[in-house]
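*Asks:* Encoded as structure tokens, here's the structure I'll be asking about.
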Amino acid sequence: MTLSAYQIIRPAAGRLGLALLAGAGAASAAIALTACSAWLISRAALHPPVLHLMVAIVAVRACGLSRGVLRYLERLIGHDAAFRILGDVRVRLYTRLERLAPAGLADFRRADLAQRLASDVDAVLDLITRVVLPYAVALVAGLASVLVVGALVPVAGMTLAAGLLTVAIGVPLLQRAATRRADGRLAPLRGELTTEVVDLLHGLPDLSLYGAVGSRLDRIAVVDGRLTGAGRRSAFVAGTSAAVTALSSGFCVVVGLVAGAAAVRAGELPGELLAVVVLTPLAVFEVAGPLPVAAQVFASARASVGRLREVWETPDPLTEAHGETPSRVTEAHGVPPSRVTGAHGVTPSPVTGAHGVTSSPRVEFGCGADLGSTRAGGNPGVCRVGVRSAPEVDTVVPEVRVDGVTAGWVAERTAVRDVDLVLRPGARVALVGPSGSGKSTVAALLVRFLDPREGRVTLDGVDARNIPADRVRQIVGYLPEDAYLFDTTIGDNLRIARPGATEAELRAALRSARLLDWVETLPDGLRTLVGEHGMSLSGGQRRRLALARLLLTDARVLIFDEPTEHLDDETAAALTRDLLTAAGDRTVLLITHRTDDLTGLDVVHLRPAT
Ligand SMILES: Nc1ncnc2c1ncn2[C@@H]1O[C@H](COP(=O)(O)OP(=O)(O)OP(=O)(O)O)[C@@H](O)[C@H]1O
């Protein structure tokens, strides 16, 4: 998937064109204002009848007024276009990130990613308002001025053309050679510095304990030094470029004066036009003056756009299966006792008793013609889950199977190999295994954070790759080991799972997670702030709050990843009991290290991939 320049500007290409026209008009008006004024002053010195000056007087007024209006329009339309483009780029990137996370983002550091999403995206704005528009406007206005001055005094016109080419092309080329990619290094260095500072802030307590704060600060100082060096070099070159631009402008004025005076003496140029030839270059260089800076902005903005492209073009961790049976209907009633099977790496283990699955709607996954209305927009071959009749799909607990799955997070490493697992509707299964054996990876496969390299995960027989990831996650809920709590209230943290939830629903979820009694003792109740990462809660309260959030969803298959980690035995046993009770008739997959108390659960052992 590529991100071309056209794709970037497409949402506001028309507006950009208008801004360009307005900008070129404003620049031409400014140059014409100087030229007309110069002619008017020279001509007036000869005391002609005032009527002979009327056209020039009107032209000066018209140019003076239109310059301001057109400049305003250029800014207004240009920035409007740029912000539209910026908004579109941000939405595209966030959508892409959503698709990539978490498996596709393994190679990116969080702070650097934040830097890319903030200042690197802003560079797109610079690219449009400080590079594309100034260059385009200078091209139009410069060409017109060269033609006019050249028509009056050819040598002056050619000198002006040479001066403008020097400023627009020569100086940027020299700049590029002088900075030796310093400009291009600014964005990555800023990303590196942000990463180091965020790392330091996160790890400050540990670094203090080990007395390692100084060495981290030294590392930051090194990166900061490199960034300052690149910035200083860039600023020095910008200053030199400004000096060369001023010299070029002065040179064109002097040549215009000398060549123009010679033309007047030779009778080839009326005297009052000499001022036009001499002063027009000054106005043109007002327009062309920012071009060396624009070229510098271009170098650093190009690096930023390259960094955005890296995110955009990161290979998709999710794949779509081919050759799937078009559609399939499953009957959910009369669910037989569930069974867990294991091939390589998984010990076969019978499972007893489905838990109260009684509903019997017909649920369809796939791409049957009669489900055409549920086909996922713009993603051929991917179909949504459809329901032929009430009750809702979410009341049905599908059978989830993992068949001969091999998968990994990074290309060169395999996290799980040839895993088989069956979760019959209503089953209660404990997935146990040594640390690093791939238990969380199995969970990631079940919610399509990751797709199998070999084998397949199915929901009621339909390959999960044929069901949009979002939909899979509505059916299969996951409570990760490090479930994230946002720095907001208890209520808002819960509403992430169900934005329209009423207070009664929130309280019911908290009650199921055995947290309601505690919340009711708080002066602010559901409006209590939990702090960054939920730091104002205890470990057990954090987990119960995250559990309540998961219970608030309609997911019919619940995966709990080490929910009792770091809790004492008594609290752990109570939490396990509570979450199994709260799960009701939903399927439960409990990932755990603890093998001491798994009463009522069918135990599946996962062995490491290698
Ligand atoms: N997001 C990730 N990016 C890259 N590699 C990962 C990621 N998550 C897990 N891995 C790798 O996959 C392998 C299996 O890890 P996983 O977390 O699934 O094991 P686990 O059995 O859940 O471990 P634990 O019990 O310690 O949580 C490990 O080698 C780990 O390094």
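Ordering of the structure tokens sets the chain letters (A, B, ...); residue numbers start at 1 within each chain; ligands are numbered from 1 in the order shown.
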If we count only C-alpha atoms and set the cut-off at 12 Å, which residues sit around Arg448 of chain A, ignoring sequence neighbours fewer than 6 positions away in its own chain? Please answer as an MDAnalysis selection string.
*Replies:* chainID A and resid 98:104 316:320 407 441:442 456:459 463:478
*Asks:* Considering only C-alpha atoms, return as a ChimeraX atom specification whatever protein or nucleic-acid residues lie within 12 Å of Thr581 of chain A, sequence-local ones (same chain, fewer than 6 positions apart) excluded.
*Replies:* /A:355,428,511-514,551,574-575,587-588,600
*Asks:* Each residue of chain A lying at most 7 Å from ligand 1 should get a row with its shortest atom-to-atom pair and the distance in Å to one decimal, counting only C-alpha atoms and all ligand atoms; could you produce that, ordered by chain and increasing number, as a Markdown table?
*Replies:*
| residue | atom | partner | partner_atom_place_in_ligand_line | distance |
| --- | --- | --- | --- | --- |
| A:Pro102 | CA | ligand 1 | 1 (N) | 6.2 |
| A:Ala103 | CA | ligand 1 | 1 (N) | 5.5 |
| A:Ala106 | CA | ligand 1 | 3 (N) | 5.1 |
| A:Gly408 | CA | ligand 1 | 12 (O) | 6.5 |
| A:Trp409 | CA | ligand 1 | 4 (C) | 4.6 |
| A:Val410 | CA | ligand 1 | 4 (C) | 5.9 |
| A:Ala415 | CA | ligand 1 | 13 (C) | 4.3 |
| A:Val416 | CA | ligand 1 | 14 (C) | 6.9 |
| A:Gly433 | CA | ligand 1 | 21 (O) | 6.3 |
| A:Pro434 | CA | ligand 1 | 21 (O) | 6.0 |
| A:Ser435 | CA | ligand 1 | 26 (O) | 3.6 |
| A:Gly436 | CA | ligand 1 | 19 (O) | 3.5 |
| A:Ser437 | CA | ligand 1 | 21 (O) | 3.9 |
| A:Gly438 | CA | ligand 1 | 18 (O) | 3.2 |
| A:Lys439 | CA | ligand 1 | 21 (O) | 3.9 |
| A:Ser440 | CA | ligand 1 | 22 (O) | 3.7 |
| A:Thr441 | CA | ligand 1 | 18 (O) | 3.7 |
| A:Val442 | CA | ligand 1 | 18 (O) | 6.7 |
| A:His593 | CA | ligand 1 | 25 (O) | 6.7 |
*Asks:* Using only C-alpha atoms, which residues sit within 9 Å of Ala59 of chain A once same-chain residues fewer than 3 positions away are excluded, as a list of chain:residue names?
*Replies:*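 Counting only C-alpha atoms, the residues come to A:Ala32, A:Leu33, A:Cys36, A:Ser37, A:Met54, A:Val55, A:Ala56, A:Ala62, A:Cys63, A:Gly64.
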*Asks:* Include C-alpha atoms and write out the residues we just selected as an mmCIF file, in the first residue's frame.
*Replies:*
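And here's again-v7.cif as it stands now:
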data_model
loop_
_atom_site.group_PDB
_atom_site.id
_atom_site.type_symbol
_atom_site.label_atom_id
_atom_site.label_comp_id
_atom_site.auth_asym_id
_atom_site.auth_seq_id
_atom_site.Cartn_x
_atom_site.Cartn_y
_atom_site.Cartn_z
ATOM 1 C CA ALA A 32 2.627 45.588 -11.111
ATOM 2 C CA LEU A 33 2.086 48.068 -8.264
ATOM 3 C CA CYS A 36 3.114 51.283 -12.270
ATOM 4 C CA SER A 37 4.194 53.476 -9.351
ATOM 5 C CA MET A 54 -5.268 58.623 -15.078
ATOM 6 C CA VAL A 55 -4.807 55.048 -16.335
ATOM 7 C CA ALA A 56 -1.655 54.603 -14.255
ATOM 8 C CA ALA A 62 -6.425 48.605 -8.420
ATOM 9 C CA CYS A 63 -3.110 46.811 -7.820
ATOM 10 C CA GLY A 64 -2.850 48.133 -4.262
#
*Asks:* Please list as a ChimeraX atom specification every residue within 12 Å of segment 233-245 of chain A, counting only C-alpha atoms and excluding residues in the same chain fewer than 2 positions away.
*Replies:* /A:162-186,226-231,247-252,281-282,284-297,299-300
*Asks:* For the selection you just gave me, I'd like the residues written to a file as an mmCIF file, in the first residue's frame, keeping C-alpha atoms.
*Replies:*
data_model
loop_
_atom_site.group_PDB
_atom_site.id
_atom_site.type_symbol
_atom_site.label_atom_id
_atom_site.label_comp_id
_atom_site.auth_asym_id
_atom_site.auth_seq_id
_atom_site.Cartn_x
_atom_site.Cartn_y
_atom_site.Cartn_z
ATOM 1 C CA ALA A 162 19.344 34.337 -14.131
ATOM 2 C CA GLY A 163 18.914 35.931 -10.679
ATOM 3 C CA LEU A 164 15.572 34.186 -10.143
ATOM 4 C CA LEU A 165 16.960 30.819 -11.279
ATOM 5 C CA THR A 166 19.870 31.300 -8.874
ATOM 6 C CA VAL A 167 17.503 31.915 -5.963
ATOM 7 C CA ALA A 168 14.941 29.259 -6.901
ATOM 8 C CA ILE A 169 17.294 26.455 -7.977
ATOM 9 C CA GLY A 170 20.984 27.322 -7.511
ATOM 10 C CA VAL A 171 20.814 28.398 -3.861
ATOM 11 C CA PRO A 172 18.691 25.380 -2.808
ATOM 12 C CA LEU A 173 21.155 23.043 -4.561
ATOM 13 C CA LEU A 174 24.092 24.666 -2.781
ATOM 14 C CA GLN A 175 22.119 24.564 0.442
ATOM 15 C CA ARG A 176 21.513 20.885 -0.008
ATOM 16 C CA ALA A 177 25.188 20.201 -0.581
ATOM 17 C CA ALA A 178 26.157 22.347 2.431
ATOM 18 C CA THR A 179 23.722 20.845 4.912
ATOM 19 C CA ARG A 180 24.608 17.304 3.849
ATOM 20 C CA ARG A 181 21.231 15.957 4.793
ATOM 21 C CA ALA A 182 21.118 17.933 8.056
ATOM 22 C CA ASP A 183 17.598 19.085 7.217
ATOM 23 C CA GLY A 184 16.488 15.553 6.472
ATOM 24 C CA ARG A 185 17.901 14.437 9.824
ATOM 25 C CA LEU A 186 15.943 16.988 11.860
ATOM 26 C CA ARG A 226 23.143 16.149 17.412
ATOM 27 C CA LEU A 227 19.769 17.854 16.966
ATOM 28 C CA THR A 228 21.168 21.255 17.951
ATOM 29 C CA GLY A 229 24.104 20.748 15.568
ATOM 30 C CA ALA A 230 21.772 19.859 12.692
ATOM 31 C CA GLY A 231 19.535 22.833 13.561
ATOM 32 C CA LEU A 247 22.911 40.032 -3.451
ATOM 33 C CA SER A 248 21.099 38.579 -6.477
ATOM 34 C CA SER A 249 18.351 41.151 -6.094
ATOM 35 C CA GLY A 250 20.882 44.008 -5.828
ATOM 36 C CA PHE A 251 22.816 42.687 -8.842
ATOM 37 C CA CYS A 252 19.634 42.637 -10.971
ATOM 38 C CA PRO A 281 13.353 43.237 -9.809
ATOM 39 C CA LEU A 282 13.015 44.485 -6.227
ATOM 40 C CA VAL A 284 9.994 40.179 -7.914
ATOM 41 C CA PHE A 285 12.609 39.252 -5.328
ATOM 42 C CA GLU A 286 10.074 39.978 -2.592
ATOM 43 C CA VAL A 287 8.154 37.047 -4.042
ATOM 44 C CA ALA A 288 11.184 34.867 -4.812
ATOM 45 C CA GLY A 289 13.032 35.659 -1.565
ATOM 46 C CA PRO A 290 11.371 32.910 0.521
ATOM 47 C CA LEU A 291 12.272 30.188 -2.024
ATOM 48 C CA PRO A 292 15.593 29.114 -0.441
ATOM 49 C CA VAL A 293 13.787 28.756 2.900
ATOM 50 C CA ALA A 294 11.017 26.886 1.076
ATOM 51 C CA ALA A 295 13.644 24.511 -0.315
ATOM 52 C CA GLN A 296 14.960 23.930 3.193
ATOM 53 C CA VAL A 297 11.458 23.321 4.513
ATOM 54 C CA ALA A 299 14.045 18.863 2.676
ATOM 55 C CA SER A 300 12.818 18.422 6.230
#
*Asks:* Check the smallest atom-to-atom distance from each of A:Val311, A:Leu598, A:Ala504, A:Ala444 to Asp561 of chain A using only C-alpha atoms, then report the winner.
*Replies:*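 For Asp561 of chain A, the nearest of the given residues is A:Ala444.
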*Asks:* Can you pull out the residues contacting Leu193 of chain A? Cut-off 9 Å, using only C-alpha atoms, and skip same-chain residues under 5 positions away; I want them as a list of chain:residue names.
*Replies:*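 So, after excluding close chain neighbours, the residues are A:Asp112, A:Pro188, A:Val198, A:Ile220, A:Val223, A:Asp224, A:Leu227.
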*Asks:* Compare A:Ala156, A:Asp451, A:Tyr6, A:Ser208 by their minimum atom-to-atom distance to Leu274 of chain A, counting only C-alpha atoms, and give me the closest one.
*Replies:*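 Among the listed residues, the smallest separation from Leu274 of chain A belongs to A:Ala156.
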*Asks:* Can you pull out every residue within 7 Å of Leu93 of chain A, counting only C-alpha atoms, but drop anything in the same chain fewer than 4 positions away, and send it as a list in words?
*Replies:*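 Once the nearby chain positions are removed, what remains is Val89, Leu97 and Trp312 of chain A.
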*Asks:* Just to confirm, what's the straight-line distance from atom CA of Leu40 of chain A to atom CA of Gly157 of chain A in Å (one decimal)?
*Replies:*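 We find that atom CA of Leu40 of chain A and atom CA of Gly157 of chain A lie 21.0 Å from each other.
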*Asks:* Could you jot down the atom CA of Pro205 of chain A to atom CA of Val530 of chain A separation for me, Å, one decimal place?
*Replies:*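 Interatomic distance, atom CA of Pro205 of chain A to atom CA of Val530 of chain A: 20.1 Å.
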*Asks:* Give me, as a PyMOL selection string, all polymer residues having an atom no more than 12 Å from Val258 of chain A, counting only C-alpha atoms and skipping those fewer than 2 positions away in the same chain.
*Replies:* chain A and resi 153+155-156+159+251-256+260-265+274-275+277-278
*Asks:* Those same residues - N, CA and C atoms - I'd like them written as a JSON list (two decimals), in the first residue's frame.
*Replies:*
[["chain", "number", "residue", "atom", "x", "y", "z"],
["A", 153, "VAL", "N", 14.05, 45.88, -21.79],
["A", 153, "VAL", "CA", 15.52, 45.84, -21.93],
["A", 153, "VAL", "C", 15.94, 44.37, -21.86],
["A", 155, "VAL", "N", 18.68, 42.67, -21.89],
["A", 155, "VAL", "CA", 19.76, 42.27, -20.97],
["A", 155, "VAL", "C", 19.25, 42.24, -19.53],
["A", 156, "ALA", "N", 18.45, 43.25, -19.18],
["A", 156, "ALA", "CA", 17.90, 43.29, -17.82],
["A", 156, "ALA", "C", 16.98, 42.10, -17.59],
["A", 159, "THR", "N", 19.10, 39.03, -17.10],
["A", 159, "THR", "CA", 19.74, 39.06, -15.77],
["A", 159, "THR", "C", 18.74, 38.71, -14.68],
["A", 251, "PHE", "N", 22.12, 42.82, -7.55],
["A", 251, "PHE", "CA", 22.82, 42.69, -8.84],
["A", 251, "PHE", "C", 21.85, 42.97, -10.00],
["A", 252, "CYS", "N", 20.62, 42.42, -9.91],
["A", 252, "CYS", "CA", 19.63, 42.64, -10.97],
["A", 252, "CYS", "C", 19.27, 44.12, -11.07],
["A", 253, "VAL", "N", 19.18, 44.80, -9.93],
["A", 253, "VAL", "CA", 18.85, 46.23, -9.93],
["A", 253, "VAL", "C", 19.97, 47.03, -10.62],
["A", 254, "VAL", "N", 21.21, 46.70, -10.26],
["A", 254, "VAL", "CA", 22.35, 47.43, -10.85],
["A", 254, "VAL", "C", 22.42, 47.19, -12.36],
["A", 255, "VAL", "N", 22.27, 45.91, -12.76],
["A", 255, "VAL", "CA", 22.32, 45.60, -14.20],
["A", 255, "VAL", "C", 21.18, 46.31, -14.92],
["A", 256, "GLY", "N", 20.00, 46.30, -14.29],
["A", 256, "GLY", "CA", 18.84, 46.99, -14.87],
["A", 256, "GLY", "C", 19.12, 48.46, -15.06],
["A", 260, "GLY", "N", 19.49, 49.71, -18.64],
["A", 260, "GLY", "CA", 18.35, 50.59, -18.91],
["A", 260, "GLY", "C", 18.81, 51.98, -19.32],
["A", 261, "ALA", "N", 19.81, 52.53, -18.57],
["A", 261, "ALA", "CA", 20.33, 53.87, -18.88],
["A", 261, "ALA", "C", 20.92, 53.89, -20.29],
["A", 262, "ALA", "N", 21.65, 52.80, -20.64],
["A", 262, "ALA", "CA", 22.24, 52.71, -21.99],
["A", 262, "ALA", "C", 21.13, 52.71, -23.05],
["A", 263, "ALA", "N", 20.03, 51.98, -22.74],
["A", 263, "ALA", "CA", 18.92, 51.91, -23.70],
["A", 263, "ALA", "C", 18.24, 53.27, -23.84],
["A", 264, "VAL", "N", 18.13, 54.01, -22.71],
["A", 264, "VAL", "CA", 17.52, 55.35, -22.78],
["A", 264, "VAL", "C", 18.41, 56.26, -23.63],
["A", 265, "ARG", "N", 19.75, 56.19, -23.37],
["A", 265, "ARG", "CA", 20.69, 57.03, -24.15],
["A", 265, "ARG", "C", 20.61, 56.71, -25.63],
["A", 274, "LEU", "N", 12.59, 53.70, -17.38],
["A", 274, "LEU", "CA", 13.83, 53.24, -16.73],
["A", 274, "LEU", "C", 13.55, 52.79, -15.29],
["A", 275, "ALA", "N", 12.73, 53.58, -14.60],
["A", 275, "ALA", "CA", 12.42, 53.23, -13.20],
["A", 275, "ALA", "C", 11.72, 51.87, -13.13],
["A", 277, "VAL", "N", 12.20, 49.31, -15.14],
["A", 277, "VAL", "CA", 13.23, 48.27, -15.33],
["A", 277, "VAL", "C", 14.06, 48.11, -14.06],
["A", 278, "VAL", "N", 14.34, 49.22, -13.38],
["A", 278, "VAL", "CA", 15.22, 49.16, -12.21],
["A", 278, "VAL", "C", 14.48, 48.62, -10.98]]
*Asks:* Go ahead and compute the interatomic distance for atom CA of Asp403 of chain A and atom CA of Thr553 of chain A, in Å to one decimal.
*Replies:*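 A separation of 26.6 Å between them.
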*Asks:* Measuring atom to atom with only C-alpha atoms, identify which of A:Arg43, A:Arg307, A:Arg75, A:Arg302 is nearest to Phe108 of chain A.
*Replies:*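 That would be A:Arg307, the residue with the smallest distance to Phe108 of chain A.
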